[in-house]
Each structure stands twice: as C-alpha cells, then as structure tokens.
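Chemist: What follows is the file coords32.txt, containing compact mmCIF, C-alpha atoms:
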# COMPACT_ATOMS: atom_id res chain seq x y z
CA MET A 242 4.99 39.42 -99.05
CA VAL A 243 3.02 38.13 -96.08
CA ASP A 244 -0.42 38.73 -94.60
CA ARG A 245 -0.66 40.51 -91.27
CA LEU A 246 -3.50 41.06 -88.83
CA ALA A 247 -4.93 44.44 -87.85
CA ASP A 248 -2.56 44.68 -84.89
CA GLY A 249 0.44 44.09 -87.14
CA CYS A 250 1.08 40.50 -86.11
CA LEU A 251 1.76 37.78 -88.68
CA ASP A 252 -1.39 36.00 -89.91
CA THR A 253 -0.33 32.41 -89.28
CA ASP A 254 -3.59 30.93 -90.60
CA ALA A 255 -3.14 32.61 -93.97
CA GLN A 256 0.50 31.49 -94.10
CA ASN A 257 -0.47 27.90 -93.34
CA LEU A 258 -3.18 27.93 -96.01
CA LEU A 259 -0.72 29.39 -98.55
CA SER A 260 1.91 26.78 -97.75
CA SER A 261 -0.68 24.00 -98.03
CA LEU A 262 -1.82 25.29 -101.43
CA LYS A 263 1.73 25.47 -102.72
CA GLY A 264 2.37 21.93 -101.50
CA ARG A 265 -0.70 20.53 -103.23
CA ILE A 266 0.21 22.26 -106.51
CA THR A 267 3.77 20.92 -106.30
CA ASP A 268 2.55 17.39 -105.61
CA THR A 269 0.01 17.53 -108.46
CA HIS A 270 2.39 19.01 -111.06
CA PRO A 271 5.91 18.10 -109.95
CA GLY A 272 7.47 18.66 -113.36
CA VAL A 273 5.83 22.01 -114.05
CA LEU A 274 6.69 24.16 -111.03
CA LYS A 275 10.16 25.39 -110.25
CA ALA A 276 10.92 27.42 -107.14
CA HIS A 277 13.06 30.55 -107.42
CA ARG A 278 14.51 32.18 -104.28
CA LEU A 279 15.90 35.71 -104.18
CA PRO A 280 16.48 38.23 -101.41
CA TRP A 281 13.87 40.88 -100.62
CA SER A 282 14.54 44.35 -102.02
CA ARG A 283 12.78 47.66 -101.57
CA ASP A 284 12.73 48.21 -105.36
CA LEU A 285 11.23 44.70 -105.81
CA VAL A 286 12.76 43.11 -108.94
CA ASN A 287 15.60 45.23 -110.28
CA PRO A 288 17.31 44.02 -113.52
CA LYS A 289 20.46 45.92 -112.51
CA ASN A 290 20.81 43.62 -109.50
CA LYS A 291 22.90 40.60 -110.55
CA ILE A 292 20.82 38.16 -108.51
CA HIS A 293 17.57 39.61 -109.87
CA ALA A 294 18.93 39.61 -113.43
CA ARG A 295 19.85 35.93 -113.11
CA TYR A 296 16.36 35.23 -111.74
CA LEU A 297 14.67 37.01 -114.68
CA LYS A 298 16.84 35.15 -117.17
CA GLU A 299 16.08 31.76 -115.62
CA LEU A 300 12.36 32.57 -115.39
CA GLY A 301 12.25 33.59 -119.06
CA GLU A 302 14.13 30.48 -120.18
CA GLN A 303 11.81 28.30 -118.08
CA PHE A 304 8.71 29.90 -119.59
CA VAL A 305 9.97 29.52 -123.19
CA ALA A 306 11.01 25.91 -122.64
CA ARG A 307 7.70 24.99 -121.02
CA ALA A 308 5.68 26.75 -123.74
CA ASN A 309 7.65 24.97 -126.47
CA HIS A 310 7.11 21.63 -124.74
CA GLN A 311 3.35 22.15 -124.48
CA VAL A 312 3.09 23.26 -128.14
CA LEU A 313 5.07 20.25 -129.34
CA GLU A 314 2.98 17.88 -127.22
CA ARG A 315 -0.22 19.31 -128.69
CA LEU A 316 1.16 19.09 -132.24
CA CYS A 317 2.06 15.44 -131.70
CA GLU A 318 -1.48 14.72 -130.49
CA LEU A 319 -2.99 16.49 -133.50
CA ASP A 320 -0.58 14.70 -135.83
CA VAL A 321 -1.60 11.29 -134.49
CA ALA A 322 -5.31 12.14 -134.71
CA GLY A 323 -4.80 13.59 -138.19
CA ARG A 324 -3.08 10.43 -139.43
CA GLU A 325 -5.86 8.26 -138.05
CA LEU A 326 -8.58 10.33 -139.75
CA ALA A 327 -6.65 11.39 -142.85
CA TRP A 328 -8.92 9.24 -145.02
CA LEU A 329 -11.98 11.09 -143.72
CA TYR A 330 -10.53 14.56 -144.27
CA GLN A 331 -9.50 13.57 -147.79
CA GLU A 332 -13.01 12.28 -148.50
CA ILE A 333 -14.65 15.47 -147.21
CA ARG A 334 -12.25 17.71 -149.16
CA HIS A 335 -12.90 15.73 -152.33
CA HIS A 336 -16.67 16.24 -152.20
CA LEU A 337 -16.38 19.89 -151.15
CA TRP A 338 -14.01 20.56 -154.05
CA GLN A 339 -16.34 18.80 -156.48
CA SER A 340 -19.26 20.84 -155.11
CA SER A 341 -17.45 24.16 -155.53
CA GLU A 342 -16.62 23.26 -159.12
CA VAL A 343 -20.24 22.38 -159.90
CA THR A 344 -21.77 25.52 -158.37
CA GLN A 345 -19.42 28.02 -160.01
CA ASN A 346 -21.80 28.66 -162.90
CA PHE A 347 -25.07 27.71 -161.22
CA CYS A 348 -28.08 29.73 -162.35
CA GLY A 349 -31.86 29.51 -162.16
CA ARG A 350 -33.77 27.06 -159.95
CA GLN A 351 -34.48 29.83 -157.44
CA GLU A 352 -38.15 28.90 -157.14
CA LEU A 353 -37.34 25.24 -156.57
CA LEU A 354 -34.66 26.13 -154.00
CA ALA A 355 -37.14 28.35 -152.15
CA ARG A 356 -39.76 25.59 -152.10
CA LEU A 357 -37.23 23.05 -150.84
CA GLY A 358 -36.12 25.44 -148.11
CA GLN A 359 -39.72 25.97 -147.05
CA GLN A 360 -40.28 22.21 -146.92
CA LEU A 361 -37.16 21.68 -144.81
CA ARG A 362 -38.22 24.36 -142.32
CA HIS A 363 -41.70 22.84 -142.17
CA ASP A 364 -40.30 19.35 -141.44
CA ASP A 365 -37.58 20.44 -139.03
CA SER A 366 -39.62 20.07 -135.85
CA LYS A 367 -41.38 16.79 -136.60
CA GLN A 368 -40.82 13.30 -137.97
CA HIS A 369 -40.86 13.26 -141.76
CA THR A 370 -39.94 11.25 -144.84
CA PRO A 371 -36.70 11.75 -146.82
CA LEU A 372 -36.87 13.90 -149.95
CA VAL A 373 -35.96 12.62 -153.43
CA LEU A 374 -34.97 14.88 -156.34
CA PHE A 375 -35.37 13.13 -159.69
CA GLY A 376 -35.02 13.88 -163.38
CA PRO A 377 -33.29 12.63 -166.54
CA PRO A 378 -29.47 12.52 -166.76
CA GLY A 379 -27.84 15.92 -167.20
CA ILE A 380 -30.87 17.88 -166.01
CA GLY A 381 -28.88 19.50 -163.18
CA LYS A 382 -29.63 17.40 -160.10
CA THR A 383 -26.02 17.43 -158.89
CA ALA A 384 -25.72 21.20 -159.28
CA LEU A 385 -29.00 21.66 -157.41
CA MET A 386 -27.86 19.39 -154.56
CA CYS A 387 -24.55 21.25 -154.26
CA LYS A 388 -26.27 24.62 -154.30
CA LEU A 389 -28.72 23.40 -151.67
CA ALA A 390 -25.81 22.31 -149.46
CA GLU A 391 -24.22 25.73 -149.92
CA GLN A 392 -27.41 27.56 -148.88
CA MET A 393 -28.30 25.26 -145.98
CA PRO A 394 -26.96 27.55 -143.20
CA ARG A 395 -29.21 30.33 -144.51
CA LEU A 396 -32.21 28.02 -144.79
CA LEU A 397 -32.01 26.26 -141.39
CA GLY A 398 -29.59 28.39 -139.40
CA HIS A 399 -25.83 28.96 -139.36
CA LYS A 400 -25.28 26.08 -136.88
CA THR A 401 -26.75 23.52 -139.27
CA VAL A 402 -24.44 20.55 -139.93
CA THR A 403 -24.44 19.68 -143.65
CA VAL A 404 -22.96 16.44 -145.00
CA LEU A 405 -22.66 16.21 -148.80
CA ARG A 406 -21.68 13.14 -150.80
CA LEU A 407 -21.53 13.03 -154.60
CA LEU A 408 -21.87 9.28 -154.88
CA GLY A 409 -19.62 7.44 -157.29
CA THR A 410 -16.99 10.20 -157.50
CA SER A 411 -14.70 8.49 -154.98
CA GLN A 412 -14.06 4.90 -154.02
CA MET A 413 -15.50 5.31 -150.53
CA SER A 414 -18.73 6.85 -151.86
CA SER A 415 -19.29 4.03 -154.35
CA ASP A 416 -20.52 1.38 -151.90
CA ALA A 417 -22.99 1.61 -149.01
CA ARG A 418 -20.61 0.42 -146.29
CA GLY A 419 -17.90 2.94 -147.11
CA LEU A 420 -20.51 5.69 -147.50
CA LEU A 421 -22.12 5.03 -144.11
CA LYS A 422 -18.71 4.76 -142.43
CA SER A 423 -17.55 8.17 -143.68
CA VAL A 424 -20.91 9.82 -142.92
CA CYS A 425 -20.98 8.40 -139.36
CA PHE A 426 -17.43 9.57 -138.65
CA GLN A 427 -18.14 13.07 -139.99
CA VAL A 428 -21.38 13.43 -138.00
CA CYS A 429 -19.73 12.18 -134.80
CA LEU A 430 -16.89 14.68 -135.14
CA ALA A 431 -19.30 17.52 -135.94
CA TYR A 432 -21.41 16.86 -132.84
CA GLY A 433 -18.61 15.82 -130.51
CA LEU A 434 -19.94 12.28 -130.17
CA PRO A 435 -17.85 9.10 -129.67
CA LEU A 436 -16.56 7.63 -132.93
CA PRO A 437 -17.89 4.21 -134.00
CA PRO A 438 -15.73 1.45 -132.47
CA ALA A 439 -13.83 -1.09 -134.55
CA GLN A 440 -16.27 -3.93 -133.82
CA VAL A 441 -19.08 -1.84 -135.34
CA LEU A 442 -17.14 -1.23 -138.53
CA ASP A 443 -16.41 -4.93 -139.01
CA ALA A 444 -19.96 -5.80 -140.13
CA HIS A 445 -22.26 -3.94 -142.50
CA THR A 446 -25.35 -4.62 -140.39
CA ARG A 447 -23.69 -3.05 -137.35
CA VAL A 448 -22.73 0.01 -139.35
CA VAL A 449 -26.34 0.38 -140.51
CA GLN A 450 -27.60 0.04 -136.95
CA PHE A 451 -25.07 2.59 -135.71
CA PHE A 452 -26.12 4.99 -138.50
CA HIS A 453 -29.81 4.81 -137.52
CA THR A 454 -28.99 5.19 -133.82
CA LEU A 455 -26.75 8.16 -134.59
CA LEU A 456 -29.56 10.00 -136.39
CA HIS A 457 -31.84 9.61 -133.37
CA THR A 458 -29.04 10.68 -131.01
CA VAL A 459 -28.53 13.87 -133.01
CA SER A 460 -32.27 14.51 -133.00
CA CYS A 461 -32.50 14.13 -129.21
CA ARG A 462 -29.80 16.75 -128.66
CA ASN A 463 -32.43 19.33 -129.68
CA PHE A 464 -29.76 21.71 -130.94
CA GLU A 465 -28.25 21.89 -134.42
CA SER A 466 -30.12 20.45 -137.40
CA LEU A 467 -28.41 17.78 -139.51
CA VAL A 468 -28.83 17.59 -143.29
CA LEU A 469 -27.49 14.63 -145.31
CA LEU A 470 -27.39 15.13 -149.08
CA LEU A 471 -26.63 11.99 -151.11
CA ASP A 472 -26.43 12.77 -154.81
CA ALA A 473 -26.68 10.21 -157.64
CA MET A 474 -28.06 7.16 -155.85
CA ASP A 475 -27.77 5.39 -159.23
CA ASP A 476 -23.97 5.31 -158.76
CA LEU A 477 -24.10 3.38 -155.49
CA ASP A 478 -23.20 -0.25 -156.21
CA SER A 479 -25.46 -1.83 -153.60
CA VAL A 480 -28.50 0.13 -154.81
CA ARG A 481 -28.07 0.02 -158.57
CA HIS A 482 -29.48 -3.50 -159.07
CA ALA A 483 -31.27 -4.00 -155.74
CA ARG A 484 -34.98 -4.14 -155.06
CA ARG A 485 -34.69 -2.36 -151.71
CA VAL A 486 -32.34 -0.12 -149.74
CA PRO A 487 -32.01 -1.68 -146.25
CA TRP A 488 -29.91 1.11 -144.76
CA LEU A 489 -32.24 3.91 -145.88
CA PRO A 490 -34.38 5.28 -143.00
CA LEU A 491 -38.04 5.38 -144.01
CA ASN A 492 -38.66 8.30 -141.64
CA CYS A 493 -36.28 10.98 -140.41
CA PRO A 494 -36.52 12.15 -136.78
CA PRO A 495 -36.95 15.87 -135.99
CA ARG A 496 -34.01 18.12 -136.93
CA VAL A 497 -32.58 15.41 -139.19
CA HIS A 498 -33.06 15.67 -142.97
CA LEU A 499 -32.10 13.23 -145.72
CA ILE A 500 -32.16 14.42 -149.35
CA LEU A 501 -31.46 12.00 -152.20
CA SER A 502 -31.23 12.39 -155.97
CA ALA A 503 -31.84 9.74 -158.64
CA CYS A 504 -32.25 9.54 -162.40
CA SER A 505 -35.67 8.91 -163.82
CA GLY A 506 -36.04 6.14 -166.37
CA ALA A 507 -37.11 2.56 -166.87
CA LEU A 508 -36.07 0.13 -164.11
CA GLY A 509 -33.79 2.62 -162.39
CA VAL A 510 -33.00 3.41 -158.78
CA LEU A 511 -35.99 5.75 -158.71
CA ASP A 512 -38.29 2.73 -159.04
CA THR A 513 -36.52 1.10 -156.09
CA LEU A 514 -36.95 4.22 -153.96
CA GLN A 515 -40.62 4.49 -154.91
CA ARG A 516 -41.17 0.95 -153.61
CA VAL A 517 -39.58 1.95 -150.30
CA LEU A 518 -40.71 5.56 -149.80
CA LEU A 519 -44.44 5.52 -150.53
CA ASP A 520 -45.27 9.17 -149.78
CA PRO A 521 -45.80 10.92 -153.17
CA GLU A 522 -44.95 14.31 -151.62
CA ALA A 523 -41.41 13.08 -151.01
CA TYR A 524 -40.56 13.27 -154.73
CA TRP A 525 -39.49 16.54 -156.35
CA GLU A 526 -38.95 16.68 -160.11
CA VAL A 527 -36.06 18.72 -161.49
CA LYS A 528 -37.39 20.18 -164.75
CA PRO A 529 -35.51 21.62 -167.76
CA LEU A 530 -34.27 25.19 -167.71
CA SER A 531 -36.47 27.91 -169.11
CA GLY A 532 -35.45 30.07 -172.06
CA ASN A 533 -34.09 32.88 -169.88
CA GLN A 534 -32.26 30.44 -167.61
CA ARG A 535 -30.60 28.76 -170.61
CA GLN A 536 -29.29 32.08 -171.87
CA GLU A 537 -28.14 33.03 -168.37
CA MET A 538 -26.23 29.76 -168.05
CA ILE A 539 -24.41 30.17 -171.37
CA GLN A 540 -23.59 33.78 -170.50
CA HIS A 541 -22.09 32.65 -167.18
CA LEU A 542 -19.97 30.06 -168.97
CA LEU A 543 -18.77 32.60 -171.54
CA VAL A 544 -17.77 35.07 -168.82
CA ALA A 545 -15.92 32.34 -166.90
CA ALA A 546 -14.08 31.29 -170.07
CA ARG A 547 -13.43 34.95 -171.07
CA ARG A 548 -15.01 34.40 -174.42
CA THR A 549 -17.80 36.00 -176.44
CA LEU A 550 -19.88 34.86 -179.39
CA SER A 551 -20.61 37.04 -182.36
CA PRO A 552 -24.27 37.69 -183.20
CA VAL A 553 -24.00 35.23 -186.11
CA HIS A 554 -22.51 32.51 -183.91
CA THR A 555 -25.07 33.21 -181.17
CA ASP A 556 -27.92 32.74 -183.64
CA LEU A 557 -26.34 29.52 -184.91
CA PHE A 558 -25.89 28.25 -181.36
CA TRP A 559 -29.54 28.68 -180.37
CA ALA A 560 -30.78 27.55 -183.78
CA SER A 561 -29.00 24.23 -183.18
CA LEU A 562 -30.62 23.90 -179.72
CA PRO A 563 -34.01 25.60 -180.05
CA GLU A 564 -35.80 23.82 -177.19
CA CYS A 565 -32.90 22.39 -175.18
CA GLY A 566 -33.27 22.94 -171.44
CA ASN A 567 -30.88 20.18 -170.36
CA PRO A 568 -27.86 21.82 -168.63
CA GLY A 569 -25.61 18.84 -169.40
CA GLN A 570 -26.31 19.04 -173.11
CA LEU A 571 -25.93 22.82 -173.04
CA ARG A 572 -22.53 22.42 -171.39
CA LEU A 573 -21.37 20.00 -174.08
CA ALA A 574 -22.60 22.39 -176.77
CA PHE A 575 -20.81 25.28 -175.10
CA GLU A 576 -17.51 23.37 -175.04
CA GLU A 577 -17.76 23.11 -178.83
CA ALA A 578 -18.94 26.69 -179.36
CA ARG A 579 -16.17 28.23 -177.24
CA LYS A 580 -13.63 26.97 -179.79
CA TRP A 581 -15.27 28.76 -182.72
CA ALA A 582 -13.13 31.47 -184.29
CA SER A 583 -14.76 34.75 -185.25
CA PHE A 584 -13.83 34.31 -188.93
CA THR A 585 -15.12 30.75 -189.34
CA VAL A 586 -18.55 29.43 -190.22
CA PRO A 587 -18.87 26.32 -188.02
CA ALA A 588 -21.16 23.39 -188.59
CA PRO A 589 -24.39 23.27 -186.55
CA LEU A 590 -24.08 21.79 -183.09
CA ALA A 591 -25.31 18.34 -182.12
CA THR A 592 -29.00 18.32 -181.22
CA THR A 593 -28.89 15.37 -178.80
CA ALA A 594 -26.66 14.47 -175.86
CA GLU A 595 -25.43 11.34 -177.65
CA GLU A 596 -24.42 13.32 -180.73
CA ALA A 597 -22.71 15.91 -178.53
CA THR A 598 -20.72 13.18 -176.78
CA HIS A 599 -19.58 11.76 -180.12
CA GLN A 600 -18.65 15.27 -181.25
CA LEU A 601 -16.56 15.75 -178.09
CA CYS A 602 -14.75 12.42 -178.60
CA THR A 603 -14.03 13.35 -182.22
CA ARG A 604 -12.46 16.63 -181.15
CA LEU A 605 -10.35 14.84 -178.52
CA GLU A 606 -9.13 12.39 -181.16
CA GLN A 607 -8.15 15.26 -183.44
CA THR A 608 -6.16 16.86 -180.61
CA HIS A 609 -4.55 13.83 -178.93
CA GLY A 610 -4.80 11.06 -181.51
CA GLN A 611 -7.38 8.35 -182.04
CA LEU A 612 -5.35 5.54 -180.49
CA LEU A 613 -4.60 7.35 -177.21
CA VAL A 614 -8.17 8.57 -176.72
CA ALA A 615 -9.62 5.15 -177.49
CA HIS A 616 -7.31 3.38 -175.04
CA VAL A 617 -7.77 5.96 -172.25
CA LEU A 618 -11.57 5.85 -172.49
CA GLY A 619 -11.48 2.08 -172.72
CA TYR A 620 -9.48 1.74 -169.51
CA ILE A 621 -11.77 4.17 -167.66
CA VAL A 622 -14.87 2.29 -168.78
CA SER A 623 -13.32 -1.07 -167.86
CA SER A 624 -12.43 0.07 -164.33
CA ARG A 625 -14.95 -0.51 -161.59
CA HIS A 626 -14.74 2.82 -159.74
CA GLY A 627 -12.82 4.97 -162.22
CA LEU A 628 -9.08 5.64 -162.27
CA SER A 629 -6.94 8.26 -160.59
CA GLU A 630 -4.26 10.06 -162.58
CA ALA A 631 -1.49 7.90 -161.11
CA GLU A 632 -3.41 4.68 -161.81
CA LEU A 633 -4.17 5.71 -165.38
CA LYS A 634 -0.50 6.53 -165.99
CA ASP A 635 0.50 3.13 -164.62
CA VAL A 636 -1.93 1.34 -166.92
CA LEU A 637 -0.86 3.34 -169.98
CA SER A 638 2.79 2.67 -169.16
CA LEU A 639 2.08 -1.04 -169.68
CA ASP A 640 0.40 -0.48 -173.04
CA ASP A 641 2.97 -1.02 -175.79
CA GLU A 642 0.75 0.47 -178.50
CA VAL A 643 0.28 3.69 -176.54
CA LEU A 644 3.99 3.99 -175.70
CA GLN A 645 4.94 3.37 -179.32
CA ALA A 646 2.58 6.11 -180.47
CA VAL A 647 3.69 8.60 -177.81
CA TYR A 648 7.44 8.15 -178.35
CA ARG A 649 7.29 7.90 -182.13
CA ASP A 650 8.69 11.38 -182.73
CA TRP A 651 10.86 12.01 -179.65
CA THR A 652 13.21 10.12 -177.33
CA PRO A 653 11.97 8.94 -173.92
CA PRO A 654 13.53 10.84 -170.97
CA SER A 655 14.78 7.61 -169.37
CA LYS A 656 16.34 4.63 -171.11
CA GLU A 657 16.04 2.36 -168.06
CA LEU A 658 12.32 2.84 -167.35
CA LEU A 659 9.82 3.55 -170.09
CA ARG A 660 6.84 5.42 -168.65
CA PHE A 661 3.86 7.30 -170.02
CA PRO A 662 4.46 11.07 -169.66
CA GLY A 663 2.42 13.15 -167.18
CA PHE A 664 -0.93 14.80 -167.88
CA ALA A 665 -0.47 18.51 -168.32
CA GLY A 666 -2.76 20.52 -166.06
CA SER A 667 -4.82 17.59 -164.83
CA GLY A 668 -4.36 18.60 -161.21
CA GLY A 669 -4.64 15.04 -159.95
CA LYS A 670 -8.34 14.79 -160.72
CA LEU A 671 -10.14 11.48 -160.74
CA PHE A 672 -11.44 10.13 -164.00
CA TYR A 673 -14.93 8.61 -163.80
CA VAL A 674 -17.69 7.56 -166.17
Here is the file; what I need is its structure written in the form of structure tokens.

Modeler:
Amino acid sequence: MVDRLADGCLDTDAQNLLSSLKGRITDTHPGVLKAHRLPWSRDLVNPKNKIHARYLKELGEQFVARANHQVLERLCELDVAGRELAWLYQEIRHHLWQSSEVTQNFCGRQELLARLGQQLRHDDSKQHTPLVLFGPPGIGKTALMCKLAEQMPRLLGHKTVTVLRLLGTSQMSSDARGLLKSVCFQVCLAYGLPLPPAQVLDAHTRVVQFFHTLLHTVSCRNFESLVLLLDAMDDLDSVRHARRVPWLPLNCPPRVHLILSACSGALGVLDTLQRVLLDPEAYWEVKPLSGNQRQEMIQHLLVAARRTLSPVHTDLFWASLPECGNPGQLRLAFEEARKWASFTVPAPLATTAEEATHQLCTRLEQTHGQLLVAHVLGYIVSSRHGLSEAELKDVLSLDDEVLQAVYRDWTPPSKELLRFPGFAGSGGKLFYV
C-alpha cells in the first residue's frame, strides 16, 4: 500500500519518509526486525495461497520465538536481582509471618489504637518526636505493634509504607547494623530510590548517616508516609547495655514516623530512651487488659483451638487468675487449661508468670522426657541469637546423652550416621528466648 496525491500520482515525500523510518528502526534494532516479502493480492493475505501460508507460518514462528526470548531475558534479570536480595525478602517474610501469628487472636486495645492513630495523623505534616510504647513483659506490646502495622493503611492512607521489625526474632534484627541495613534496603525499594552502595555498608557510621539521610529524602518527596515500627528494643544487642542510642533520630521529619516499644523496669532500655527522648508526651503506657477484654481473649483462643471449658472449669480458671490482665500470663494459663478433660478436676493454675513457666516446663518434661527438655532449653539459652531447627538438630546430634535417651527403645534409621530425629510439625520455626 502506498500514498497517492489528489491527482492520483505517487506521493514521493511520504514514500521517502516511510523508507527513512524503516531504515532507522532497522539500524536501531537489527536483531528484532525481519523483512517478509510477498506478492500483492486482491484478497490481501489468503491462507489458501501457498506463498501467503508460508508467510503466516514464518511470522507466527518469529513472534513466538521473540516472545519466548524476551520472557526468558526478563526472568533471568529477575532471578539475578532475586538472588542478590534474597536475604532481604527472607527477612521481610519472617517478620510478616511472625506478625500474622501474633495478631490472630488480638482483642481489646481499641481505644489505645484510636489514640495512636490520631497522634500519627496529627504529627504527619510536621516535625515530631518518635513514639515509645512501654509496659512490663507480656503485657501485649508486640501484639499492639503488629496490629498497629496492620491498620496503618487505614490510619494514614493506603499508600503508606510500613516497615515492621520484631527485634531479636532473627539474626539480622538482633544488632543495630543489620537492622539499619535491612530497613534501608526495604525503604529504598519501596520508594524506588537507589540502594545503599557497598562502601556505605562497610562502616556502621556510614550506615547510620545513610539511614538519617534516607528519612529526610522520603520526607521531601511529599507523597507517601513512612512508618517504622521497631518492637522490643530490649532485644537489640547494641542498646541493651548502652547509655545512648546513636542511630536513633531525636526528631522525625514530616510524613516519617518511628514507633518503638520497650519493657519497663529497673535499669532497662526504657531508661536509656528517656535520657535521649526528653518529651514526656512521646511515651505511651500499655496497660493490663480489662475484665471484659480478658474474657474476650480467652474466648478467642478457645475458638481457635476448637475447645470449650465447662462451667466448673471456667470458674476454676478465673478463680486462679482473679485480677490478671497480663496477656502473656493468660496465654500460658490457657495452654494448661486447654488440656483439661471434662471429667477431671485439675489443680488450680499458676498465679504468677514465673509459676506458669515452671508449670509449662514440667508438662514438657512429662511429654518429652526431662533430659531432652533440659538439654534443648540449655542450648537455646546458651546461644547468642537463638537456634534454628537445623542448628538445634546439629547440636543435639553431637550430644551423646540425648542420642542414648532417644534411641534407647528403637534402632536408628542409619548405622553409618547417627543423627537426632526431626521435629514433628515444627515448620522450621526459630527457637528464641
């Protein structure tokens, strides 16, 4: 098909422009274009014509081959990028999985969540101090932080970027340098910013400087808000025994929020934070659950476990814990109560968290044996950052006392290599104290 003028003559200018365009495309993409020549026909392309049929076949094969090549090229690029950042994706998945587990039976705290949301919206457009949630161990700070992360799109908008770290639950979240590295990489990817170069990651001071600069860069974009939630500051090695937190920004720029949690108590991380963050309005206390919230929590746990308690057992349960509003202690008590049979008259539950922990260890010893439980807990406590399932199996495989107890009544599956058997249903979880 060619362009013609009004008088029917060939439009040479249009033909020249078309030829020039085709030439430039061919020069720019020599390996992409392929010319096909076929004779003109009144019925245009007719599959019944042998020449046309060959043309259609070649065109189809060319399209499929080129499409396959482009898909494979893209997959190779993604595979390389995925291998380089596999550690980051694993870290993010770990904390998201932990968060989903914690929030499954979350209840109460609606008033505190609403107040926190109001404070975040109030601070979003101006410079402000980080927020600190504090309370005794087991009071529910982690669950509150996870629930807050879950509700953040509703509180600050669906484009809000939320970064959650449950400190101490993974090796990278147990020290400040690894924590800042993973947070910086995640924020850069979320906002499409350049990743920190290798020379920055070589020194802790450079990582800290990059982290502070990154927060101001995000703020200047004047677009999505960024919320960093760092739970359990007590489990960060560089903060636990320090008198200051050098990487912690004393003020957050607009549209950037930093929320921390710490345990209250004598000479804890909370005291360190109070020496650094002097604004008293920055501290939010997580208080015990009310009577209705306690009952709601236990009911949620019973429904999730598909169990019920008889009226007699229910009365015994609450008589053992008349004023307990600590979710951690209630959870330990529930784990004991869920094993009560309807025809038994159980002993009263432990009234303190320490007694409940001893009661749990006693039950584990009755189920798995005193020697195995003692050695497993001993290895976990002795480790610096906890042990994975594979690491714990390796350690137990070198313990002659454990192996002798395990294989006392049955033959090992392999005579060449004596190994500790696998953990049934552990799912590859990490073991931490």

Chemist: Which residues are near Leu571 of chain A? Cut-off 9 Å, only C-alpha atoms, ignore same chain within fewer than 2 positions. Put them as JSON, numbers by chain.

Modeler: {"A": [535, 538, 539, 562, 565, 566, 567, 568, 569, 573, 574, 575, 576, 594]}

Chemist: Please provide the set of residues having any atom within 12 Å of Leu326 of chain A, restricted to all atoms listed in the file, with same-chain residues fewer than 6 positions apart removed, written as a PyMOL selection string.

Modeler: chain A and resi 319-320+332-333+422-423+426-427+430+436

Chemist: Given the choices A:Pro662, A:Asp244, A:Pro552, A:Ser561, which gets closest to Leu258 of chain A if the distance is worked out from all atoms listed in the file?

Modeler: A:Asp244

Chemist: Just the residues within 10 Å of Leu353 of chain A, please, counting all atoms listed in the file, with nothing from its chain fewer than 3 positions along; format it as a list in words.

Modeler: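 Surrounding residues, per the criterion: Gly349, Arg350, Arg356, Leu357, Gly358, Gln359, Leu385, Trp525, Glu526, Val527 and Lys528 of chain A.
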
Chemist: Would you save the residues of that selection, restricted to C-alpha atoms, as an mmCIF file, in the frame of the given file?

Modeler:
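To be explicit, this is the file written out as selection_30.cif:
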data_model
loop_
_atom_site.group_PDB
_atom_site.id
_atom_site.type_symbol
_atom_site.label_atom_id
_atom_site.label_comp_id
_atom_site.auth_asym_id
_atom_site.auth_seq_id
_atom_site.Cartn_x
_atom_site.Cartn_y
_atom_site.Cartn_z
ATOM 1 C CA GLY A 349 -31.860 29.510 -162.160
ATOM 2 C CA ARG A 350 -33.770 27.060 -159.950
ATOM 3 C CA ARG A 356 -39.760 25.590 -152.100
ATOM 4 C CA LEU A 357 -37.230 23.050 -150.840
ATOM 5 C CA GLY A 358 -36.120 25.440 -148.110
ATOM 6 C CA GLN A 359 -39.720 25.970 -147.050
ATOM 7 C CA LEU A 385 -29.000 21.660 -157.410
ATOM 8 C CA TRP A 525 -39.490 16.540 -156.350
ATOM 9 C CA GLU A 526 -38.950 16.680 -160.110
ATOM 10 C CA VAL A 527 -36.060 18.720 -161.490
ATOM 11 C CA LYS A 528 -37.390 20.180 -164.750
#

Chemist: If we count all atoms listed in the file and set the cut-off at 7 Å, which residues sit around Pro378 of chain A, ignoring sequence neighbours fewer than 2 positions away in its own chain? Please answer as JSON, numbers by chain.

Modeler: {"A": [376, 380, 504]}

Chemist: A:Thr253, A:Gln611, A:Gln536, A:Ser415: which is nearest Val647 of chain A, counting only C-alpha atoms?

Modeler: A:Gln611

Chemist: Of the candidates A:Ala306, A:Leu658, A:Val459, A:Leu477, which shows the shortest atom-to-atom distance to Leu639 of chain A, using only C-alpha atoms?

Modeler: A:Leu658

Chemist: For each of A:Asn463, A:Gln450, A:Gln345, A:Gln303, take the minimum atom-to-atom distance to Lys275 of chain A, counting only C-alpha atoms, then give the residue where this is smallest.

Modeler: A:Gln303

Chemist: Could you check how far atom CA of Glu342 of chain A sits from atom CA of Asp556 of chain A, in Å to one decimal?

Modeler: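 Those two atoms sit 28.6 Å apart.
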
Chemist: I want to know what sits within 12 Å of Leu518 of chain A, based on only C-alpha atoms, with residues of the same chain fewer than 6 positions away left out; could you give that as a PyMOL selection string?

Modeler: chain A and resi 369-373+485-487+489-493+501+511-512+524

Chemist: Step by step: start from the point (-27.6, 2.5, -142.7) in the file's coordinates, keep every protein, DNA or RNA residue that has an atom no farther than 7 Å from it, count only C-alpha atoms, and write the set as a PyMOL selection string.

Modeler: chain A and resi 421+448-450+452-453+488-489
